[in-house]
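Shown below: entry.csv, with CSV, C-alpha atoms.
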```csv
chain,number,residue,atom,x,y,z
A,36,ASP,CA,12.4,36.9,-16.9
A,37,ILE,CA,14.6,40.1,-16.8
A,38,PRO,CA,18.3,39.1,-16.0
A,39,GLU,CA,19.0,42.2,-14.0
A,40,ASN,CA,16.0,41.7,-11.7
A,41,LEU,CA,17.0,38.0,-11.3
A,42,ASP,CA,20.5,39.0,-10.4
A,43,VAL,CA,19.4,41.5,-7.8
A,44,LEU,CA,17.0,39.1,-6.2
A,45,LEU,CA,19.5,36.2,-6.2
A,46,ARG,CA,22.3,38.3,-4.5
A,47,THR,CA,19.8,39.8,-2.0
A,48,LEU,CA,18.4,36.4,-1.0
A,49,GLU,CA,21.7,34.5,-0.9
A,50,SER,CA,23.3,37.3,1.2
A,51,ASN,CA,20.5,36.8,3.7
A,52,GLY,CA,21.1,33.1,4.1
A,53,TYR,CA,18.5,31.7,1.6
A,54,SER,CA,19.3,28.8,-0.8
A,55,VAL,CA,17.9,29.9,-4.2
A,56,LEU,CA,17.0,28.1,-7.4
A,57,VAL,CA,16.4,30.3,-10.5
A,58,ALA,CA,14.1,29.6,-13.5
A,59,LYS,CA,13.9,32.0,-16.3
A,60,SER,CA,10.4,31.0,-17.5
A,61,GLY,CA,7.2,29.3,-16.3
A,62,GLU,CA,8.0,26.1,-18.2
A,63,ALA,CA,11.5,26.1,-16.7
A,64,ALA,CA,10.0,26.5,-13.2
A,65,LEU,CA,7.7,23.5,-13.7
A,66,LYS,CA,10.7,21.4,-14.8
A,67,VAL,CA,12.7,22.4,-11.7
A,68,THR,CA,9.9,21.7,-9.4
A,69,GLU,CA,9.4,18.2,-10.7
A,70,GLN,CA,12.5,17.3,-8.7
A,71,ILE,CA,12.3,19.6,-5.7
A,72,VAL,CA,9.6,21.3,-3.6
A,73,PRO,CA,10.9,24.7,-2.3
A,74,ASP,CA,9.7,26.4,0.9
A,75,LEU,CA,8.5,29.5,-1.0
A,76,ILE,CA,8.2,30.7,-4.6
A,77,LEU,CA,8.7,34.2,-6.0
A,78,LEU,CA,6.9,34.3,-9.3
A,79,ASP,CA,6.9,37.0,-12.0
A,80,VAL,CA,3.5,37.6,-13.7
A,81,MET,CA,4.6,38.7,-17.2
A,82,MET,CA,6.7,35.9,-18.8
A,83,PRO,CA,7.1,34.9,-22.4
A,84,ASP,CA,5.6,31.4,-22.4
A,85,LEU,CA,3.4,30.6,-19.4
A,86,ASN,CA,2.5,33.7,-17.5
A,87,GLY,CA,2.7,33.7,-13.7
A,88,TYR,CA,-1.0,33.0,-13.2
A,89,GLU,CA,-0.9,29.9,-15.4
A,90,THR,CA,2.3,28.7,-13.8
A,91,CYS,CA,0.8,29.1,-10.3
A,92,GLU,CA,-2.3,27.2,-11.4
A,93,ARG,CA,-0.2,24.3,-12.7
A,94,LEU,CA,1.9,24.3,-9.5
A,95,LYS,CA,-1.2,24.4,-7.2
A,96,ALA,CA,-2.8,21.5,-9.1
A,97,ASP,CA,0.1,19.3,-7.7
A,98,VAL,CA,-0.7,18.3,-4.1
A,99,ARG,CA,3.0,18.8,-3.2
A,100,PHE,CA,2.5,22.5,-3.6
A,101,ALA,CA,-0.8,22.9,-1.8
A,102,GLU,CA,0.9,24.6,1.3
A,103,VAL,CA,3.9,26.2,-0.5
A,104,PRO,CA,3.5,30.0,-0.4
A,105,ILE,CA,3.7,31.8,-3.8
A,106,ILE,CA,4.4,35.5,-3.9
A,107,PHE,CA,3.8,37.3,-7.2
A,108,LEU,CA,6.2,39.9,-8.5
A,109,THR,CA,4.3,42.2,-10.9
A,110,ALA,CA,4.4,45.6,-12.5
A,111,LEU,CA,0.6,45.4,-12.6
A,112,ASP,CA,-0.8,47.1,-9.5
A,113,HIS,CA,-4.5,47.5,-10.4
A,114,ILE,CA,-7.0,45.6,-8.4
A,115,ASP,CA,-8.0,43.0,-11.0
A,116,ALA,CA,-4.4,41.8,-11.4
A,117,VAL,CA,-4.0,41.5,-7.6
A,118,VAL,CA,-7.3,39.6,-7.2
A,119,GLU,CA,-6.4,37.2,-10.0
A,120,GLY,CA,-3.1,36.4,-8.3
A,121,PHE,CA,-5.0,35.5,-5.1
A,122,ASP,CA,-7.6,33.5,-7.1
A,123,VAL,CA,-5.0,31.2,-8.6
A,124,GLY,CA,-3.3,30.5,-5.2
A,125,GLY,CA,-0.9,33.3,-4.5
A,126,VAL,CA,-0.5,34.5,-0.9
A,127,ASP,CA,1.0,37.9,-1.6
A,128,TYR,CA,2.2,40.3,-4.3
A,129,ILE,CA,5.1,42.7,-4.6
A,130,VAL,CA,4.9,45.5,-7.1
A,131,LYS,CA,7.9,46.2,-9.2
A,132,PRO,CA,10.3,48.0,-8.9
A,133,PHE,CA,10.6,46.3,-5.6
A,134,ASN,CA,12.3,47.4,-2.4
A,135,ARG,CA,14.8,44.8,-1.1
A,136,ARG,CA,13.8,45.2,2.6
A,137,ASP,CA,10.1,44.8,1.6
A,138,VAL,CA,10.9,41.6,-0.3
A,139,LEU,CA,12.8,40.1,2.6
A,140,ALA,CA,10.2,41.1,5.1
A,141,ARG,CA,7.4,39.4,3.1
A,142,ILE,CA,9.4,36.3,2.5
A,143,ARG,CA,10.3,36.0,6.2
A,144,THR,CA,6.6,36.5,7.2
A,145,HIS,CA,5.3,33.8,4.8
A,146,LEU,CA,8.0,31.3,5.6
A,147,GLU,CA,7.3,31.7,9.3
A,148,ARG,CA,3.5,31.4,8.7
A,149,ALA,CA,4.1,28.2,6.7
A,150,ARG,CA,6.3,26.7,9.4
A,151,TYR,CA,3.7,27.6,12.1
A,152,ALA,CA,0.9,26.1,10.0
A,153,LYS,CA,2.9,22.9,9.5
A,154,ALA,CA,3.7,22.7,13.2
A,155,LEU,CA,0.0,23.2,14.0
A,156,GLU,CA,-1.0,20.5,11.6
A,157,GLU,CA,1.5,18.0,13.1
A,158,LEU,CA,0.2,18.9,16.6
A,159,ASN,CA,-3.4,18.4,15.6
A,160,ALA,CA,-2.5,15.0,14.1
A,161,HIS,CA,-0.7,14.1,17.3
A,162,LEU,CA,-3.7,15.2,19.4
A,163,GLU,CA,-6.1,13.2,17.2
A,164,GLU,CA,-3.9,10.1,17.6
A,165,LYS,CA,-3.9,10.6,21.4
A,166,VAL,CA,-7.7,11.2,21.5
A,167,ALA,CA,-8.2,8.0,19.5
A,168,GLU,CA,-5.8,6.1,21.7
A,169,ARG,CA,-7.5,7.4,24.9
A,170,THR,CA,-11.0,6.6,23.5
A,171,ALA,CA,-9.9,3.0,22.8
A,172,GLN,CA,-8.6,2.7,26.3
A,173,LEU,CA,-11.8,4.1,27.8
A,174,ASP,CA,-13.9,1.8,25.6
A,175,LEU,CA,-11.8,-1.2,26.8
A,176,LYS,CA,-12.2,-0.1,30.4
A,177,VAL,CA,-16.0,0.2,30.0
A,178,ARG,CA,-16.2,-3.3,28.4
A,179,GLU,CA,-14.0,-4.6,31.3
A,180,LEU,CA,-16.3,-3.1,33.9
A,181,GLU,CA,-19.4,-4.4,32.1
A,182,GLY,CA,-17.8,-7.9,32.0
A,183,ARG,CA,-17.0,-7.9,35.7
A,184,ASP,CA,-20.6,-6.8,36.4
A,185,ARG,CA,-21.9,-9.7,34.3
A,186,ILE,CA,-19.7,-12.2,36.3
A,187,ALA,CA,-20.7,-10.6,39.6
A,188,ARG,CA,-24.4,-10.8,38.9
A,189,HIS,CA,-24.0,-14.4,37.7
A,190,MET,CA,-22.3,-15.3,41.0
A,191,PHE,CA,-25.4,-14.2,43.0
A,192,THR,CA,-27.0,-17.5,42.1
A,193,VAL,CA,-25.7,-21.1,42.2
A,194,HIS,CA,-24.2,-22.4,39.0
A,195,GLU,CA,-22.1,-25.3,37.9
A,196,LEU,CA,-18.4,-24.6,37.6
A,197,ASP,CA,-18.4,-25.3,33.9
A,198,GLU,CA,-21.1,-22.7,33.3
A,199,VAL,CA,-19.2,-20.1,35.4
A,200,LEU,CA,-16.0,-20.7,33.5
A,201,ASP,CA,-17.8,-20.5,30.1
A,202,LEU,CA,-19.1,-17.1,31.1
A,203,VAL,CA,-15.6,-16.0,32.2
A,204,LEU,CA,-14.2,-17.0,28.8
A,205,GLU,CA,-17.1,-15.2,27.0
A,206,VAL,CA,-16.4,-12.0,29.0
A,207,ILE,CA,-12.7,-12.2,28.1
A,208,ALA,CA,-13.6,-12.7,24.5
A,209,ASP,CA,-15.8,-9.5,24.6
A,210,ILE,CA,-13.1,-7.5,26.2
A,211,VAL,CA,-9.9,-8.4,24.2
A,212,GLY,CA,-11.1,-10.5,21.3
A,213,LEU,CA,-10.2,-14.2,21.1
A,214,ASP,CA,-9.4,-16.9,18.6
A,215,ASN,CA,-9.6,-19.5,21.2
A,216,ALA,CA,-9.1,-20.0,24.9
A,217,MET,CA,-8.8,-22.7,27.6
A,218,VAL,CA,-9.0,-22.8,31.4
A,219,PHE,CA,-6.8,-25.2,33.3
A,220,LEU,CA,-7.4,-25.7,37.0
A,221,GLN,CA,-5.3,-27.3,39.7
A,222,THR,CA,-6.6,-30.7,40.7
A,223,ASP,CA,-4.7,-32.8,43.2
A,224,GLY,CA,-1.5,-30.8,42.3
A,225,ASN,CA,-1.9,-31.2,38.6
A,226,LEU,CA,-3.3,-28.9,35.9
A,227,LYS,CA,-6.6,-30.2,34.4
A,228,LEU,CA,-8.3,-28.8,31.2
A,229,THR,CA,-11.6,-27.6,32.6
A,230,ALA,CA,-13.2,-25.3,30.0
A,231,ALA,CA,-12.5,-24.2,26.4
A,232,MET,CA,-13.9,-22.0,23.7
A,233,GLY,CA,-13.2,-21.4,20.0
A,234,LEU,CA,-11.6,-24.8,19.4
A,235,SER,CA,-12.6,-26.5,16.2
A,236,ASP,CA,-15.0,-29.5,16.3
A,237,GLU,CA,-12.4,-32.0,15.0
A,238,LEU,CA,-10.3,-31.4,18.2
A,239,ASN,CA,-11.4,-34.6,20.0
A,240,GLN,CA,-10.6,-35.5,23.6
A,241,ILE,CA,-7.3,-37.1,22.6
A,242,THR,CA,-6.2,-33.8,21.0
A,243,LEU,CA,-7.3,-31.8,24.1
A,244,ASP,CA,-5.3,-34.1,26.3
A,245,ALA,CA,-2.3,-33.6,24.1
A,246,ALA,CA,-2.9,-29.9,24.1
A,247,HIS,CA,-3.1,-29.9,27.9
A,248,GLN,CA,0.2,-31.7,28.2
A,249,LYS,CA,1.8,-29.4,25.7
A,250,VAL,CA,0.7,-26.3,27.7
A,251,VAL,CA,1.9,-27.8,31.0
A,252,ASP,CA,5.3,-28.8,29.6
A,253,GLN,CA,5.9,-25.4,27.9
A,254,VAL,CA,4.8,-23.4,30.9
A,255,ARG,CA,7.1,-25.4,33.1
A,256,THR,CA,10.0,-24.8,30.7
A,257,SER,CA,10.8,-21.1,31.0
A,258,ASN,CA,13.4,-21.1,28.2
A,259,GLN,CA,10.9,-22.2,25.5
A,260,SER,CA,8.4,-20.0,23.8
A,261,VAL,CA,4.8,-21.0,24.3
A,262,ARG,CA,3.1,-21.7,21.0
A,263,SER,CA,-0.6,-22.1,20.1
A,264,ILE,CA,-2.1,-25.6,20.0
A,265,VAL,CA,-4.1,-24.9,16.9
A,266,ASP,CA,-1.9,-23.2,14.3
A,267,ASP,CA,1.4,-22.5,16.0
A,268,LYS,CA,0.7,-18.8,16.6
A,269,PRO,CA,2.0,-17.0,19.8
A,270,PHE,CA,-0.5,-17.0,22.6
A,271,VAL,CA,-0.8,-15.8,26.2
A,272,VAL,CA,-0.8,-17.7,29.5
A,273,VAL,CA,-2.5,-15.9,32.4
A,274,PRO,CA,-2.3,-17.3,35.9
A,275,ILE,CA,-5.4,-17.7,38.1
A,276,LEU,CA,-4.6,-16.7,41.6
A,277,ARG,CA,-6.3,-16.6,45.0
A,278,ASP,CA,-4.2,-14.1,46.9
A,279,THR,CA,-0.8,-15.4,45.8
A,280,ALA,CA,-1.8,-19.1,45.6
A,281,PRO,CA,-2.0,-20.5,42.0
A,282,LEU,CA,-5.4,-22.0,41.1
A,283,GLY,CA,-4.8,-22.6,37.4
A,284,LEU,CA,-4.2,-21.0,34.0
A,285,ILE,CA,-6.2,-19.2,31.3
A,286,VAL,CA,-4.6,-19.9,27.9
A,287,VAL,CA,-5.6,-17.3,25.2
A,288,ASP,CA,-5.1,-16.8,21.5
A,289,LYS,CA,-5.7,-13.1,20.9
A,290,ALA,CA,-7.6,-12.2,17.7
A,291,VAL,CA,-5.7,-10.1,15.1
A,292,ASP,CA,-8.3,-7.2,15.2
A,293,ALA,CA,-8.6,-7.2,19.0
A,294,SER,CA,-8.6,-3.9,20.9
A,295,PRO,CA,-5.3,-2.6,22.3
A,296,VAL,CA,-4.6,-3.5,25.9
A,297,SER,CA,-2.6,-1.2,28.1
A,298,ASP,CA,0.4,-2.4,30.1
A,299,ASP,CA,-1.5,-2.3,33.4
A,300,GLU,CA,-4.5,-4.4,32.2
```
What would you get if you wrote out this structure as structure tokens?
Amino acid sequence: DIPENLDVLLRTLESNGYSVLVAKSGEAALKVTEQIVPDLILLDVMMPDLNGYETCERLKADVRFAEVPIIFLTALDHIDAVVEGFDVGGVDYIVKPFNRRDVLARIRTHLERARYAKALEELNAHLEEKVAERTAQLDLKVRELEGRDRIARHMFTVHELDEVLDLVLEVIADIVGLDNAMVFLQTDGNLKLTAAMGLSDELNQITLDAAHQKVVDQVRTSNQSVRSIVDDKPFVVVPILRDTAPLGLIVVDKAVDASPVSDDE
């Protein structure tokens, strides 16, 4: 709050490349910081309205200032004054009368520390995101392998084709999550609806036949988007192949909360 000290600080900081805002009281500082969050704050302790400790407490109560370093400028160099400054959220203190080189060195140190802390926080967040993504991929792979094992064990004994296809659809549902799915197999050169799951009870055979024709028509027409037979949502058509020979199609509506699938799955 002493104009001469403010003037010396302002000229020192600006001449060293810093952009500086000046507030002549604690209340003025709180008003300034309603609109802007600075990278660092130099705060006098002895001021006429709010003292520096009270101003610091008010600032640190705002989450925007949780990581902003606050350096106290004080003529009080006894231990209780220093400890109180740290207790309310200050990171350092400079005893007046101050040395310009000391002020610049402390400012530079705390700005660099704040930048490193922010960079580390961003890196940790990125690593956590990557870990979560990798965990989801591994979980998907485990469910895929378990599903393949179920199908393989099922094939050791003789079963009707419908039962095998129902198991295949059940495994797919466990792996990627489904709203509904259908299997079409080639019969005498034509696609035939052979198995289905998740279709509502009111979809009778006429509806299924119409759905079959719709899928066939849209798959054959490459310039049309394939839409769901139930509620017009996008869905996926997966070919069933033996070597390179087409045997049929699996038509899948993927559930909204399904696990992510990587490009190579």
Could you list, as a ChimeraX atom specification, every residue within 9 Å of Asn86 of chain A, counting all atoms listed in the file and ignoring same-chain residues fewer than 6 positions away? /A:60-61,79-80
Taking 2 positions as the minimum chain separation for residues in the same chain, which residues sit within 9 Å of Lys227 of chain A when counting all atoms listed in the file? Answer as a PDB file with C-alpha atoms, in the frame of the given file.
```pdb
ATOM      1  CA  VAL A 218      -9.000 -22.800  31.400  1.00  0.00           C
ATOM      2  CA  PHE A 219      -6.800 -25.200  33.300  1.00  0.00           C
ATOM      3  CA  LEU A 220      -7.400 -25.700  37.000  1.00  0.00           C
ATOM      4  CA  GLN A 221      -5.300 -27.300  39.700  1.00  0.00           C
ATOM      5  CA  THR A 222      -6.600 -30.700  40.700  1.00  0.00           C
ATOM      6  CA  ASN A 225      -1.900 -31.200  38.600  1.00  0.00           C
ATOM      7  CA  THR A 229     -11.600 -27.600  32.600  1.00  0.00           C
ATOM      8  CA  HIS A 247      -3.100 -29.900  27.900  1.00  0.00           C
ATOM      9  CA  GLY A 283      -4.800 -22.600  37.400  1.00  0.00           C
TER      10      GLY A 283
END
```
When distances are computed from only C-alpha atoms, which of A:Ile114, A:Val123, A:Asp74, A:Val203 shows the smallest separation from Glu89 of chain A? A:Val123
To one decimal in Å, tell me the separation between atom CA of Pro281 of chain A and atom CA of Ala231 of chain A.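 Here the two named atoms are 19.2 Å from each other.
Minimum atom-to-atom distance to Val287 of chain A, evaluated using only C-alpha atoms, belongs to A:Leu213 out of A:Val67, A:Ala171, A:Ala58, A:Leu213.
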All residues 9 Å or closer to Glu205 of chain A, all atoms listed in the file, same chain fewer than 5 positions away omitted, as a PyMOL selection string: chain A and resi 182+200+210+232
Distance criterion (all atoms listed in the file): nearest to Gly212 of chain A out of A:Val43, A:Val273, A:Val130, A:Leu175: A:Leu175
Grab the atom CA of Val271 of chain A to atom CA of Lys165 of chain A distance for me, in Å with one decimal place.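 So the two atoms, atom CA of Val271 of chain A and atom CA of Lys165 of chain A, lie 27.0 Å apart.
Distances to Glu198 of chain A were evaluated for A:Ala230, A:Glu147, A:Val118, A:Pro83 using all atoms listed in the file, and the minimum falls at A:Ala230.
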Which distance in Å separates atom CA of Glu168 of chain A and atom CA of Ile275 of chain A, to one decimal?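 One can read the atom CA of Glu168 of chain A to atom CA of Ile275 of chain A distance as 28.9 Å.
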Name all residues at most 12 Å from Lys59 of chain A (count all atoms listed in the file; drop same-chain ones fewer than 3 positions away) and give them as a PyMOL selection string. chain A and resi 36-42+56+62-67+77-79+81-87
